[in-house]
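**Student:** If you scroll down you'll find the structure; I have some questions about it.
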Amino acid sequence: MKSLSELKNDCTQCFRCELGKTRTNLVFGTGNPNADIMFIGEGPGEQEDLRGEPFVGRGGKLLDQMLELINLSRSEVYIANIVKCRPPNNRDPLPAERAACSEWLTAQIQLINPRIIVCLGRIAAICLIKPDFKITREHGKWEHFADGCEITAIYHPAALLRDPLKRPETFVDLKSIQEKYTAL
């Protein structure tokens with residue numbers, strides 16, 4: 001099996017969809033390659049595309065605060081996205097784009113082998129939990145993902161910036177994640 005750096009290098013050569021042709025930088029993933037917990041968003045935004053790192057804009061600052069609330073830091077977790085290149089105008093990644101990138105994410109998950117996966121938002125949840133996932137009804141619920149790994153979804157940090165009224169629900173979800181993580 002390849003290492004994460006070899007996988008990232010291969011991914012830089014990917015042009016399976018149009019997103020690869022318009023990116024400034026590949027946004028592969030960052031964090032602890034041996035993390036027990038992996039956070040997965042939908043795709044990079046403008047700041048992420050410019051820097052080549054996931055969650056570095058306003059949503060990233062909020063994600064850092066969310067991690068702090070549950071006594072975690074970026075150095076302890078691994079952060080990735082469903083797609084590795086920025087969709088134009090920060091639109092949701094199209095099904096064909098998500099499919100073109102799925103091999104990269106699957107390999108990342110296999111290499112990191114987390115015990116907990118947290119989907120950040122609806123797009124990640126419909127890709128990893130179930131196609132008809134409803135974030136407003138099902139956030140914070142736990143599912144079995146793979147041997148020894150559980151998965152849940154919470155609101156995307158960008159959604160929390162747009163609608164701060166969702167923050168109390170997210171706080172409860174974060175505490176549930178903290179409980180699971182502490183019990184590992």
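Labels used: A, B, ... for chains in the order of the structure tokens, numbers from 1 for residues in each chain, and numbers from 1 for ligands as shown.
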Write out as a PyMOL selection string which residues come within 12 Å of Thr182 of chain A when counting only C-alpha atoms, dropping same-chain ones fewer than 4 positions away.
**Tutor:** chain A and resi 36-37+70-72+115-116+175-178
**Student:** Can you spit out the residues from that selection as an mmCIF file, in the first residue's frame, using N, CA and C atoms?
**Tutor:**
```cif
data_model
loop_
_atom_site.group_PDB
_atom_site.id
_atom_site.type_symbol
_atom_site.label_atom_id
_atom_site.label_comp_id
_atom_site.auth_asym_id
_atom_site.auth_seq_id
_atom_site.Cartn_x
_atom_site.Cartn_y
_atom_site.Cartn_z
ATOM 1 N N ASP A 36 -6.809 8.901 15.248
ATOM 2 C CA ASP A 36 -7.957 8.047 15.553
ATOM 3 C C ASP A 36 -9.255 8.684 15.074
ATOM 4 N N ILE A 37 -9.194 9.977 14.759
ATOM 5 C CA ILE A 37 -10.399 10.692 14.335
ATOM 6 C C ILE A 37 -10.097 11.495 13.071
ATOM 7 N N ILE A 70 -13.573 20.465 22.345
ATOM 8 C CA ILE A 70 -13.538 19.056 22.751
ATOM 9 C C ILE A 70 -12.098 18.585 22.987
ATOM 10 N N ASN A 71 -11.249 19.561 23.319
ATOM 11 C CA ASN A 71 -9.862 19.289 23.701
ATOM 12 C C ASN A 71 -9.058 18.570 22.620
ATOM 13 N N LEU A 72 -9.266 18.968 21.379
ATOM 14 C CA LEU A 72 -8.496 18.434 20.255
ATOM 15 C C LEU A 72 -7.845 19.593 19.509
ATOM 16 N N ARG A 115 -10.677 5.533 13.857
ATOM 17 C CA ARG A 115 -11.701 4.818 14.608
ATOM 18 C C ARG A 115 -12.997 5.607 14.619
ATOM 19 N N ILE A 116 -12.888 6.920 14.313
ATOM 20 C CA ILE A 116 -14.054 7.800 14.240
ATOM 21 C C ILE A 116 -13.914 8.659 12.987
ATOM 22 N N LYS A 175 -19.894 17.293 21.852
ATOM 23 C CA LYS A 175 -19.713 16.611 23.139
ATOM 24 C C LYS A 175 -19.870 15.096 22.972
ATOM 25 N N SER A 176 -20.755 14.682 22.083
ATOM 26 C CA SER A 176 -20.910 13.263 21.790
ATOM 27 C C SER A 176 -19.646 12.705 21.133
ATOM 28 N N ILE A 177 -19.069 13.484 20.240
ATOM 29 C CA ILE A 177 -17.812 13.087 19.580
ATOM 30 C C ILE A 177 -16.705 12.978 20.634
ATOM 31 N N GLN A 178 -16.654 13.946 21.524
ATOM 32 C CA GLN A 178 -15.637 13.945 22.589
ATOM 33 C C GLN A 178 -15.782 12.698 23.465
#
```
**Student:** Show me, as a list in words, the residues that have an atom within 12 Å of Glu6 of chain A when counting only C-alpha atoms, minus same-chain residues fewer than 4 positions from it.
**Tutor:**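 Selected residues are Met1, Lys2, Asp10, Cys11, Thr12, Gln13, Phe28, Trp104, Ala107, Gln108 and Leu111 of chain A.
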**Student:** So which bits of segment 1-80 of chain A end up strand (DSSP E) when you DSSP the backbone, as JSON, numbers by chain?
**Tutor:** {"A": [29, 30, 31, 37, 38, 39, 40, 41, 78, 79, 80]}
**Student:** For the residues in the current selection, export N, CA and C atoms as a PDB file, in the first residue's frame.
**Tutor:**
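New file result_24.pdb:
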```pdb
ATOM      1  N   GLY A  29      -5.216  16.948   2.066  1.00  0.00           N
ATOM      2  CA  GLY A  29      -5.567  16.680   3.452  1.00  0.00           C
ATOM      3  C   GLY A  29      -4.408  17.069   4.334  1.00  0.00           C
ATOM      4  N   THR A  30      -4.668  17.154   5.628  1.00  0.00           N
ATOM      5  CA  THR A  30      -3.629  17.574   6.557  1.00  0.00           C
ATOM      6  C   THR A  30      -3.900  17.007   7.937  1.00  0.00           C
ATOM      7  N   GLY A  31      -2.840  16.906   8.707  1.00  0.00           N
ATOM      8  CA  GLY A  31      -2.995  16.461  10.080  1.00  0.00           C
ATOM      9  C   GLY A  31      -2.181  15.229  10.391  1.00  0.00           C
ATOM     10  N   ILE A  37      -9.194   9.977  14.759  1.00  0.00           N
ATOM     11  CA  ILE A  37     -10.399  10.692  14.335  1.00  0.00           C
ATOM     12  C   ILE A  37     -10.097  11.495  13.071  1.00  0.00           C
ATOM     13  N   MET A  38     -11.009  11.379  12.116  1.00  0.00           N
ATOM     14  CA  MET A  38     -10.852  12.037  10.820  1.00  0.00           C
ATOM     15  C   MET A  38     -12.086  12.889  10.553  1.00  0.00           C
ATOM     16  N   PHE A  39     -11.859  14.143  10.176  1.00  0.00           N
ATOM     17  CA  PHE A  39     -12.933  15.060   9.814  1.00  0.00           C
ATOM     18  C   PHE A  39     -12.922  15.216   8.300  1.00  0.00           C
ATOM     19  N   ILE A  40     -14.097  15.074   7.679  1.00  0.00           N
ATOM     20  CA  ILE A  40     -14.177  15.118   6.218  1.00  0.00           C
ATOM     21  C   ILE A  40     -15.252  16.109   5.787  1.00  0.00           C
ATOM     22  N   GLY A  41     -14.837  17.134   5.059  1.00  0.00           N
ATOM     23  CA  GLY A  41     -15.751  18.138   4.522  1.00  0.00           C
ATOM     24  C   GLY A  41     -16.108  17.821   3.079  1.00  0.00           C
ATOM     25  N   TYR A  78      -7.008  14.190  11.547  1.00  0.00           N
ATOM     26  CA  TYR A  78      -6.720  14.318  10.120  1.00  0.00           C
ATOM     27  C   TYR A  78      -7.937  14.960   9.472  1.00  0.00           C
ATOM     28  N   ILE A  79      -7.700  15.938   8.605  1.00  0.00           N
ATOM     29  CA  ILE A  79      -8.778  16.678   7.947  1.00  0.00           C
ATOM     30  C   ILE A  79      -8.640  16.526   6.443  1.00  0.00           C
ATOM     31  N   ALA A  80      -9.733  16.135   5.794  1.00  0.00           N
ATOM     32  CA  ALA A  80      -9.739  15.956   4.340  1.00  0.00           C
ATOM     33  C   ALA A  80     -11.096  16.419   3.795  1.00  0.00           C
TER      34      ALA A  80
END
```
**Student:** What are the closest atom pairs, with distances in Å to one decimal, for each residue of segment 87-159 of chain A lying within 9 Å of segment 45-57 of chain A, using only C-alpha atoms, rows by chain and rising residue number, as a Markdown table?
**Tutor:**
```
| residue | atom | partner | partner_atom | distance |
| --- | --- | --- | --- | --- |
| A:Pro87 | CA | A:Gly45 | CA | 7.6 |
| A:Pro88 | CA | A:Gly45 | CA | 8.8 |
| A:Asn89 | CA | A:Gly45 | CA | 8.1 |
| A:Asn90 | CA | A:Gly45 | CA | 5.6 |
| A:Arg91 | CA | A:Gly45 | CA | 8.9 |
```
**Student:** Quick one: write out the picked residues with all heavy atoms as a PDB file, in the first residue's frame?
**Tutor:**
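Listed below is the output, selection_13.pdb:
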```
ATOM      1  N   PRO A  87     -14.560  23.498  -6.342  1.00  0.00           N
ATOM      2  CA  PRO A  87     -15.628  23.721  -7.330  1.00  0.00           C
ATOM      3  C   PRO A  87     -15.775  25.228  -7.587  1.00  0.00           C
ATOM      4  O   PRO A  87     -15.612  26.033  -6.666  1.00  0.00           O
ATOM      5  CB  PRO A  87     -16.875  23.155  -6.647  1.00  0.00           C
ATOM      6  CG  PRO A  87     -16.357  22.234  -5.587  1.00  0.00           C
ATOM      7  CD  PRO A  87     -15.060  22.848  -5.138  1.00  0.00           C
ATOM      8  N   PRO A  88     -16.090  25.626  -8.822  1.00  0.00           N
ATOM      9  CA  PRO A  88     -16.248  27.051  -9.136  1.00  0.00           C
ATOM     10  C   PRO A  88     -17.283  27.720  -8.226  1.00  0.00           C
ATOM     11  O   PRO A  88     -18.323  27.150  -7.926  1.00  0.00           O
ATOM     12  CB  PRO A  88     -16.728  27.052 -10.586  1.00  0.00           C
ATOM     13  CG  PRO A  88     -16.371  25.710 -11.128  1.00  0.00           C
ATOM     14  CD  PRO A  88     -16.348  24.771  -9.972  1.00  0.00           C
ATOM     15  N   ASN A  89     -16.951  28.915  -7.789  1.00  0.00           N
ATOM     16  CA  ASN A  89     -17.850  29.720  -6.952  1.00  0.00           C
ATOM     17  C   ASN A  89     -18.290  29.000  -5.680  1.00  0.00           C
ATOM     18  O   ASN A  89     -19.371  29.264  -5.157  1.00  0.00           O
ATOM     19  CB  ASN A  89     -19.071  30.185  -7.749  1.00  0.00           C
ATOM     20  CG  ASN A  89     -18.667  30.976  -8.967  1.00  0.00           C
ATOM     21  OD1 ASN A  89     -17.833  31.887  -8.879  1.00  0.00           O
ATOM     22  ND2 ASN A  89     -19.203  30.610 -10.121  1.00  0.00           N
ATOM     23  N   ASN A  90     -17.479  28.066  -5.217  1.00  0.00           N
ATOM     24  CA  ASN A  90     -17.763  27.304  -3.991  1.00  0.00           C
ATOM     25  C   ASN A  90     -19.082  26.538  -4.043  1.00  0.00           C
ATOM     26  O   ASN A  90     -19.699  26.259  -3.022  1.00  0.00           O
ATOM     27  CB  ASN A  90     -17.731  28.201  -2.752  1.00  0.00           C
ATOM     28  CG  ASN A  90     -16.345  28.718  -2.461  1.00  0.00           C
ATOM     29  OD1 ASN A  90     -15.360  28.223  -2.999  1.00  0.00           O
ATOM     30  ND2 ASN A  90     -16.261  29.717  -1.627  1.00  0.00           N
ATOM     31  N   ARG A  91     -19.520  26.163  -5.231  1.00  0.00           N
ATOM     32  CA  ARG A  91     -20.743  25.371  -5.344  1.00  0.00           C
ATOM     33  C   ARG A  91     -20.490  23.968  -4.791  1.00  0.00           C
ATOM     34  O   ARG A  91     -19.344  23.553  -4.613  1.00  0.00           O
ATOM     35  CB  ARG A  91     -21.224  25.301  -6.785  1.00  0.00           C
ATOM     36  CG  ARG A  91     -20.291  24.524  -7.696  1.00  0.00           C
ATOM     37  CD  ARG A  91     -20.985  24.060  -8.962  1.00  0.00           C
ATOM     38  NE  ARG A  91     -20.091  23.619  -9.997  1.00  0.00           N
ATOM     39  CZ  ARG A  91     -19.381  22.494  -9.971  1.00  0.00           C
ATOM     40  NH1 ARG A  91     -19.454  21.680  -8.957  1.00  0.00           N
ATOM     41  NH2 ARG A  91     -18.599  22.176 -10.980  1.00  0.00           N
TER      42      ARG A  91
END
```
**Student:** Using only C-alpha atoms, which residues sit within 12 Å of Pro95 of chain A once same-chain residues fewer than 3 positions away are excluded, as a PyMOL selection string?
**Tutor:** chain A and resi 17+42+82-83+87+92+98-102+123-124+126-127+131
**Student:** Output N, CA and C atoms for every residue in that selection, as a short mmCIF file (atom, residue, chain, number, x, y, z; two decimals), in the first residue's frame.
**Tutor:**
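Saved file again.cif follows:
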```
data_model
loop_
_atom_site.label_atom_id
_atom_site.label_comp_id
_atom_site.auth_asym_id
_atom_site.auth_seq_id
_atom_site.Cartn_x
_atom_site.Cartn_y
_atom_site.Cartn_z
N CYS A 17 -11.73 14.94 -13.65
CA CYS A 17 -12.90 15.82 -13.82
C CYS A 17 -12.40 17.23 -14.10
N GLU A 42 -16.74 18.78 2.41
CA GLU A 42 -17.18 18.52 1.04
C GLU A 42 -16.12 18.85 0.00
N ILE A 82 -14.19 15.51 0.50
CA ILE A 82 -14.70 14.57 -0.49
C ILE A 82 -13.99 14.80 -1.83
N VAL A 83 -13.93 16.04 -2.28
CA VAL A 83 -13.19 16.38 -3.50
C VAL A 83 -11.95 17.17 -3.12
N PRO A 87 -14.56 23.50 -6.34
CA PRO A 87 -15.63 23.72 -7.33
C PRO A 87 -15.78 25.23 -7.59
N ASP A 92 -21.58 23.24 -4.53
CA ASP A 92 -21.45 21.86 -4.10
C ASP A 92 -20.78 21.05 -5.20
N ARG A 98 -17.58 14.08 -7.36
CA ARG A 98 -17.41 13.28 -6.13
C ARG A 98 -16.98 11.86 -6.49
N ALA A 99 -17.57 11.31 -7.53
CA ALA A 99 -17.21 9.94 -7.95
C ALA A 99 -15.77 9.89 -8.44
N ALA A 100 -15.35 10.91 -9.18
CA ALA A 100 -13.98 10.95 -9.71
C ALA A 100 -12.95 11.01 -8.58
N CYS A 101 -13.32 11.60 -7.46
CA CYS A 101 -12.40 11.75 -6.33
C CYS A 101 -12.53 10.64 -5.28
N SER A 102 -13.53 9.81 -5.41
CA SER A 102 -13.81 8.84 -4.34
C SER A 102 -12.64 7.89 -4.07
N ILE A 123 -23.03 17.12 2.31
CA ILE A 123 -22.40 16.47 1.15
C ILE A 123 -21.52 15.31 1.60
N ALA A 124 -20.70 15.53 2.61
CA ALA A 124 -19.86 14.45 3.12
C ALA A 124 -20.72 13.30 3.65
N ILE A 126 -23.83 12.45 2.73
CA ILE A 126 -24.50 11.66 1.69
C ILE A 126 -23.50 10.78 0.94
N CYS A 127 -22.24 11.17 0.93
CA CYS A 127 -21.21 10.35 0.28
C CYS A 127 -20.76 9.19 1.16
N PRO A 131 -27.07 8.01 0.85
CA PRO A 131 -27.40 9.00 -0.18
C PRO A 131 -28.55 9.94 0.15
#
```
**Student:** Going by DSSP on the backbone, which residues of segment 19-159 of chain A come out as alpha helix (DSSP H)? List them as an NGL selection string.
**Tutor:** :A and (19-22 or 46-51 or 58-69 or 95-112 or 122-128 or 135-138 or 157-159)
**Student:** Using C-alpha atoms, can you export the residues from the last selection as a PDB file, in the first residue's frame?
**Tutor:**
```
ATOM      1  CA  LEU A  19     -12.051  20.590 -11.218  1.00  0.00           C
ATOM      2  CA  GLY A  20      -8.481  19.366 -11.675  1.00  0.00           C
ATOM      3  CA  LYS A  21      -8.073  21.681 -14.640  1.00  0.00           C
ATOM      4  CA  THR A  22      -9.173  24.825 -12.784  1.00  0.00           C
ATOM      5  CA  GLU A  46     -11.183  29.864  -2.279  1.00  0.00           C
ATOM      6  CA  GLN A  47      -8.751  30.191   0.650  1.00  0.00           C
ATOM      7  CA  GLU A  48      -8.130  26.452   0.688  1.00  0.00           C
ATOM      8  CA  ASP A  49      -7.436  26.435  -3.057  1.00  0.00           C
ATOM      9  CA  LEU A  50      -4.970  29.305  -2.659  1.00  0.00           C
ATOM     10  CA  ARG A  51      -3.104  27.672   0.252  1.00  0.00           C
ATOM     11  CA  ARG A  58     -13.410  31.530   8.137  1.00  0.00           C
ATOM     12  CA  GLY A  59     -14.910  28.034   8.342  1.00  0.00           C
ATOM     13  CA  GLY A  60     -11.485  26.664   9.238  1.00  0.00           C
ATOM     14  CA  LYS A  61     -11.101  29.127  12.091  1.00  0.00           C
ATOM     15  CA  LEU A  62     -14.475  27.988  13.409  1.00  0.00           C
ATOM     16  CA  LEU A  63     -13.456  24.338  12.996  1.00  0.00           C
ATOM     17  CA  ASP A  64     -10.352  25.064  15.089  1.00  0.00           C
ATOM     18  CA  GLN A  65     -12.592  26.531  17.819  1.00  0.00           C
ATOM     19  CA  MET A  66     -14.880  23.495  17.603  1.00  0.00           C
ATOM     20  CA  LEU A  67     -11.894  21.183  18.039  1.00  0.00           C
ATOM     21  CA  GLU A  68     -10.732  23.239  21.034  1.00  0.00           C
ATOM     22  CA  LEU A  69     -14.143  22.799  22.660  1.00  0.00           C
ATOM     23  CA  PRO A  95     -21.960  13.719  -8.305  1.00  0.00           C
ATOM     24  CA  ALA A  96     -19.514  13.037 -11.165  1.00  0.00           C
ATOM     25  CA  GLU A  97     -16.824  15.106  -9.413  1.00  0.00           C
ATOM     26  CA  ARG A  98     -17.415  13.279  -6.132  1.00  0.00           C
ATOM     27  CA  ALA A  99     -17.212   9.944  -7.952  1.00  0.00           C
ATOM     28  CA  ALA A 100     -13.978  10.947  -9.710  1.00  0.00           C
ATOM     29  CA  CYS A 101     -12.399  11.752  -6.328  1.00  0.00           C
ATOM     30  CA  SER A 102     -13.810   8.839  -4.341  1.00  0.00           C
ATOM     31  CA  GLU A 103     -10.773   6.626  -4.936  1.00  0.00           C
ATOM     32  CA  TRP A 104      -8.497   9.229  -3.316  1.00  0.00           C
ATOM     33  CA  LEU A 105     -10.658   9.584  -0.215  1.00  0.00           C
ATOM     34  CA  THR A 106     -11.122   5.823   0.126  1.00  0.00           C
ATOM     35  CA  ALA A 107      -7.342   5.358   0.026  1.00  0.00           C
ATOM     36  CA  GLN A 108      -6.850   8.155   2.580  1.00  0.00           C
ATOM     37  CA  ILE A 109      -9.322   6.532   4.953  1.00  0.00           C
ATOM     38  CA  GLN A 110      -7.633   3.139   4.519  1.00  0.00           C
ATOM     39  CA  LEU A 111      -4.166   4.572   5.180  1.00  0.00           C
ATOM     40  CA  ILE A 112      -5.200   6.634   8.200  1.00  0.00           C
ATOM     41  CA  ARG A 122     -24.547  17.183   4.219  1.00  0.00           C
ATOM     42  CA  ILE A 123     -22.402  16.470   1.152  1.00  0.00           C
ATOM     43  CA  ALA A 124     -19.856  14.451   3.115  1.00  0.00           C
ATOM     44  CA  ALA A 125     -22.677  12.621   4.897  1.00  0.00           C
ATOM     45  CA  ILE A 126     -24.498  11.662   1.687  1.00  0.00           C
ATOM     46  CA  CYS A 127     -21.210  10.351   0.279  1.00  0.00           C
ATOM     47  CA  LEU A 128     -20.105   8.400   3.344  1.00  0.00           C
ATOM     48  CA  ILE A 135     -28.392  16.815   8.055  1.00  0.00           C
ATOM     49  CA  THR A 136     -31.135  18.712   9.906  1.00  0.00           C
ATOM     50  CA  ARG A 137     -32.684  15.456  11.184  1.00  0.00           C
ATOM     51  CA  GLU A 138     -29.745  13.089  11.411  1.00  0.00           C
ATOM     52  CA  PRO A 157     -18.661  25.145   9.874  1.00  0.00           C
ATOM     53  CA  ALA A 158     -19.773  27.373   6.953  1.00  0.00           C
ATOM     54  CA  ALA A 159     -23.420  26.522   7.763  1.00  0.00           C
TER      55      ALA A 159
END
```
**Student:** Suppose you want the space between atom CA of Ile117 of chain A and atom CA of Cys149 of chain A; what is it in Å?
**Tutor:** 7.3 Å
**Student:** To one decimal place, how far is atom CA of Glu150 of chain A from atom CA of Gly43 of chain A in Å?
**Tutor:**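 Taking atom CA of Glu150 of chain A as the start and atom CA of Gly43 of chain A as the end point, the length is 21.7 Å.
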